[in-house]
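This report refers to the structure that appears directly beneath it.
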Amino acid sequence: MSSVPTVNVDRPPENLAERTYLIPIFKGLGVTLRHFLRNLFGQKDIATIQYPETKRQYSERLRGKHILTTKEDGSLRCVACYMCETACPAECIHIVAEEDPEATVEWEKKPAVYEIDLLRCVFCGYCVDACPKEAIIMSREHEMAFVTREEAIVGIEDLRQKGPIEDEDLGYRPYY
Amino acid sequence: MTVSSPEAPTRPHPLSDRLPEGAGEGITSCADGHTELTVDRSRILDVLKTLRDDDSTRCNLLADICAVDYPDRDARFEVVYHLAGIESGERVRVRVPVTEDDPVVPSAYGVFKAADWFEREAYDMMGIRFDGHPNLKRILTHEAFVGHPLRKDYDPAQRWLLTENETMAPKWVEETPEGNLDFEPQVLNIGPSHPATHGTLRTIARLDGEVIVRAECEIGYLHRCFEKMSETHGWNQVIPYTDRLNYCSSHINGAGYALAVEKMLGIEAPPRAQAIHVILSELSRVMDHAVCLGAMLVDIGALTNFWYFFQTREQIYGLLESCAGGRLTVSYARIGGLAHDVPADFHDHVRKLLADIPKFIDDVEKLVTANKIFRDRAENVGIVSAEEAVAWGWTGPCLRASGVPYDIRKALPYHGYEQYDFEVPVATTGDTYARYLVRIEEMRQSLRIIDQALTTLPDGPVITDNHRVALPPKEKVFTEMEALIWHFKLIYEGIKVPAGHAYSCTEGGNGELGYYLVSDGGGKPYRIKVRPPCFAIYQAFPHILEGHMVPDAIAIQSSLNIIAGELDR
């Protein structure tokens with residue numbers, strides 16, 4: 001192990017200045033005073049965000065609450081293939097499939113039930129990676145609160161994309 | 001590719017004539033860099049002693065003990081010891097088969113003190129009894145728990161209502177203490193839910209006045225069956241779980257796990273992915289040390305540093321979020337590389353961090369390093385000698401603070417660490433102050449590594465194009481039939497990792513983070529054993545405490561950086 005380059009970080013015993021106690025204390029006070037003055041006069045240096053009045057800008061990859069995307073006619077893109085349910089490490093997705101009566105091709109499936117337990121979900125994004133139809137993506141919505149556990153299990157109506165996709169607060173999704 | 005070749009070697013292994021007679025048969029060299037031997041339990045202590053003391057191996061560090069359950073074999077259980085030679089660089093794995101009727105193995109505590117908690121864990125999880133162990137009782141589950149949860153026939157859906165609380169205190173609490181005490185003895189619970197334990201850690205201490213005369217730790221409050229859960233999920237699905245091991249530096253865990261599975265598969269992540277792993281792992285290390293030191297200084301009474309360090313941490317979280325989409329639980333690593341490439345402004349973002357972080361480190365150094373109050377609180381407190389540290393299985397910054405320059409990044413380089421120029425910080429005193437100084441310097445060295453890795457960051461893909469391992473790119477899945485088939489197969493069947501086993505270790509925030517993986521060739525791990533660095537460190541804690549005052553206990557504990565997430569799994 002002698003070949004490993006090392007740097008010794010031992011410090012010598014306290015010197016006279018350190019033993020006086022006051023000189024290092026004044027140096028330390030200098031640091032806190034500098035921060036204090038910079039924060040007092042240069043407000044832009046302040047690291048604290050006045051949440052919830054102001055909010056930080058999140059990256060467009062943030063993994064928040066899921067969105068079930070829709071086709072142009074407003075129906076779900078999801079074909080109930082169970083890929084997301086299989087890939088989910090938290091086992092929080094529950095799908096019941098049914099035949100799509102309005103399908104243009106024979107034997108097209110759609111989800112009769114699509115539920116996500118947001119309290120079980122770990123927001124890892126595996127469902128988005130697993131989806132072969134880009135039917136599930138994630139938004140940046142992460143401030144979710146529930147009164148009961150049942151409320152946290154959300155279904156199709158809650159997850160469905162509300163308007164044009166550009167209007168959603170888009171987070172983690174394929175294509176970068 | 002089979003990781004451990006089952007064929008006998010054509011000529012005797014150099015080690016075979018040094019081991020006790022008969023024990024050296026069947027020594028193999030495995031692809032994961034380990035020399036492997038299977039010995040009978042009657043010889044295990046002799047073999048361990050020889051491996052520790054013989055000049056050809058000098059395996060003085062017991063890295064891990066774990067048990068694996070093979071219900072189909074005659075000898076149902078296998079106890080696996082992983083040894084490492086700090087100076088020699090040797091890595092040895094010893095396997096001891098044990099039958100179900102008589103699952104007893106002699107305890108290795110007399111050879112390596114590090115065996116203490118690892119054997120208790122194997123007893124708790126698998127029901128292997130270690131003969132001669134000083135305190136063989138459950139460690140991660142409750143005392144009244146029924147069964148051994150990692151056995152293959154244990155049904156995880158069972159529920160136990162565990163309410164007895166009289167078993168929650170060690171026996172010596174009731175006994176009259178030996179020796180002359182100056183004060184009336186009393187027993188104090190430090191934790192589990194106490195601001196200064198930051199984590200659910202409980203220490204039961206017997207006090208003589210304000211001095212601790214005996215202590216014992218109780219852990220397992222954050223046990224969440226990581227290893228059992230992994231056995232029922234695919235290889236890739238384990239990555240989000242690894243984020244929750246050491247949650248202060250989650251990327252290191254995921255990258256280390258992916259590396260271990262890549263070793264089993266015999267593949268390597270592309271160079272760009274490896275360099276990004278290095279950059280994000282080193283930033284995670286900075287965060288880990290920042291949290292550790294910030295919290296430690298708060299415990300000692302210096303609050304301001306906490307804010308300076310947390311500002312740094314917040315900035316690093318911003319970078320992780322822009323890459324991975326998650327802040328604390330990043331889930332960015334994948335087997336074979338990364339989930340996706342870094343964003344376009346990655347270079348500028350990291351450069352800005354490299355410019356900002358040293359300012360905060362300097363501020364903290366100015367505030368406390370030479371401060372007499374801090375030095376008096378930290379110096380000569382919790383001294384651990386180099387021999388003690390190695391005997392207890394310590395790795396990482398705590399070991400280096402005791403004067404042993406052991407760093408996995410140098411000893412067994414991975415992810416291309418050999419290309420980067422950095423130094424291993426070492427202190428000699430082994431006290432709380434030394435652990436502070438080592439961590440401060442390690443943050444600076446990490447920044448050096450990041451600077452080099454960023455300068456030489458290669459272009460190219462970030463995940464292997466082997467579609468038996470990695471999902472094909474989305475644009476191909478949406479347009480090409482073949483890619484769609486691979487995508488379906490990979491999601492439904494999982495990665496088919498060849499049958500075999502491998503141990504892989506990386507330098508985590510607290511030291512050697514090892515993964516011992518066993519595969520049966522299916523799409524799910526057969527057994528995953530994590531070797532959490534702070535598990536080995538924390539088992540020495542009650543012994544360090546003896547003779548210290550209660551406030552010192554807090555200072556020592558926070559300087560060890562015990563993270564309950566990886567301690568309890």
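Ligands are numbered from 1 in the order shown, residues from 1 within each chain, and chains are lettered A, B, ... in the order they appear in the structure tokens.
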
task: Taking the DSSP assignment computed from this structure's backbone, write out as a PyMOL selection string all residues of stretch 71-120 of chain A that belong to strand (DSSP E or B).
output: chain A and resi 76+93-99+109-117

Take the residues that were just selected and, keeping C-alpha atoms, output them as a CSV table (one decimal), in the first residue's frame.
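So selection-v9.csv came out as:
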chain,number,residue,atom,x,y,z
A,76,LEU,CA,-56.6,7.3,-23.4
A,93,ILE,CA,-50.1,0.4,-10.2
A,94,HIS,CA,-53.3,-1.6,-10.6
A,95,ILE,CA,-54.8,-2.2,-14.0
A,96,VAL,CA,-58.0,-4.0,-15.1
A,97,ALA,CA,-58.2,-4.3,-18.9
A,98,GLU,CA,-61.3,-4.5,-21.1
A,99,GLU,CA,-61.9,-4.6,-24.8
A,109,LYS,CA,-57.6,-3.2,-25.2
A,110,LYS,CA,-58.1,-0.3,-22.9
A,111,PRO,CA,-58.0,0.1,-19.2
A,112,ALA,CA,-61.3,-0.2,-17.4
A,113,VAL,CA,-59.4,0.6,-14.1
A,114,TYR,CA,-56.1,2.3,-13.9
A,115,GLU,CA,-55.2,3.1,-10.3
A,116,ILE,CA,-52.0,4.4,-8.8
A,117,ASP,CA,-51.5,4.4,-5.0

If you take only C-alpha atoms and a cut-off of 6 Å, which residues of chain B touch chain A, and what are their nearest atom pairs and distances in Å to one decimal, in chain and number order, as a tab-separated table?
residue	atom	partner	partner_atom	distance
B:Glu87	CA	A:Met1	CA	5.2
B:Gln237	CA	A:Pro89	CA	5.2
B:Ser322	CA	A:Ser59	CA	5.0
B:Gly325	CA	A:Leu62	CA	3.9
B:Lys366	CA	A:Gly28	CA	5.8
B:Leu367	CA	A:Gly28	CA	4.3
B:Asn371	CA	A:Pro24	CA	5.5
B:Lys372	CA	A:Tyr21	CA	5.7
B:Glu423	CA	A:Thr6	CA	4.9
B:Val424	CA	A:Thr6	CA	4.4
B:Pro425	CA	A:Val7	CA	4.8
B:Val426	CA	A:Asn8	CA	4.9
B:Ala427	CA	A:Asp10	CA	5.1

Would you save the residues of that selection, restricted to C-alpha atoms, as a tab-separated table (two decimals), in the first residue's frame?
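Output saved as part29.tsv:
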chain	number	residue	atom	x	y	z
B	87	GLU	CA	-1.66	-4.22	2.46
B	237	GLN	CA	-36.08	-2.99	-10.05
B	322	SER	CA	-31.56	18.09	-13.62
B	325	GLY	CA	-35.35	13.85	-12.09
B	366	LYS	CA	-12.44	29.13	9.25
B	367	LEU	CA	-15.25	28.75	11.73
B	371	ASN	CA	-11.59	26.87	17.22
B	372	LYS	CA	-10.52	25.93	20.72
B	423	GLU	CA	-4.58	11.61	-2.83
B	424	VAL	CA	-5.97	9.61	0.07
B	425	PRO	CA	-6.26	11.77	3.20
B	426	VAL	CA	-4.90	10.07	6.31
B	427	ALA	CA	-4.68	11.15	9.91

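Shortest atom-to-atom contact with B:Arg151 among B:Arg129, B:His198, B:Arg527, B:Arg224: B:Arg527, counting only C-alpha atoms.
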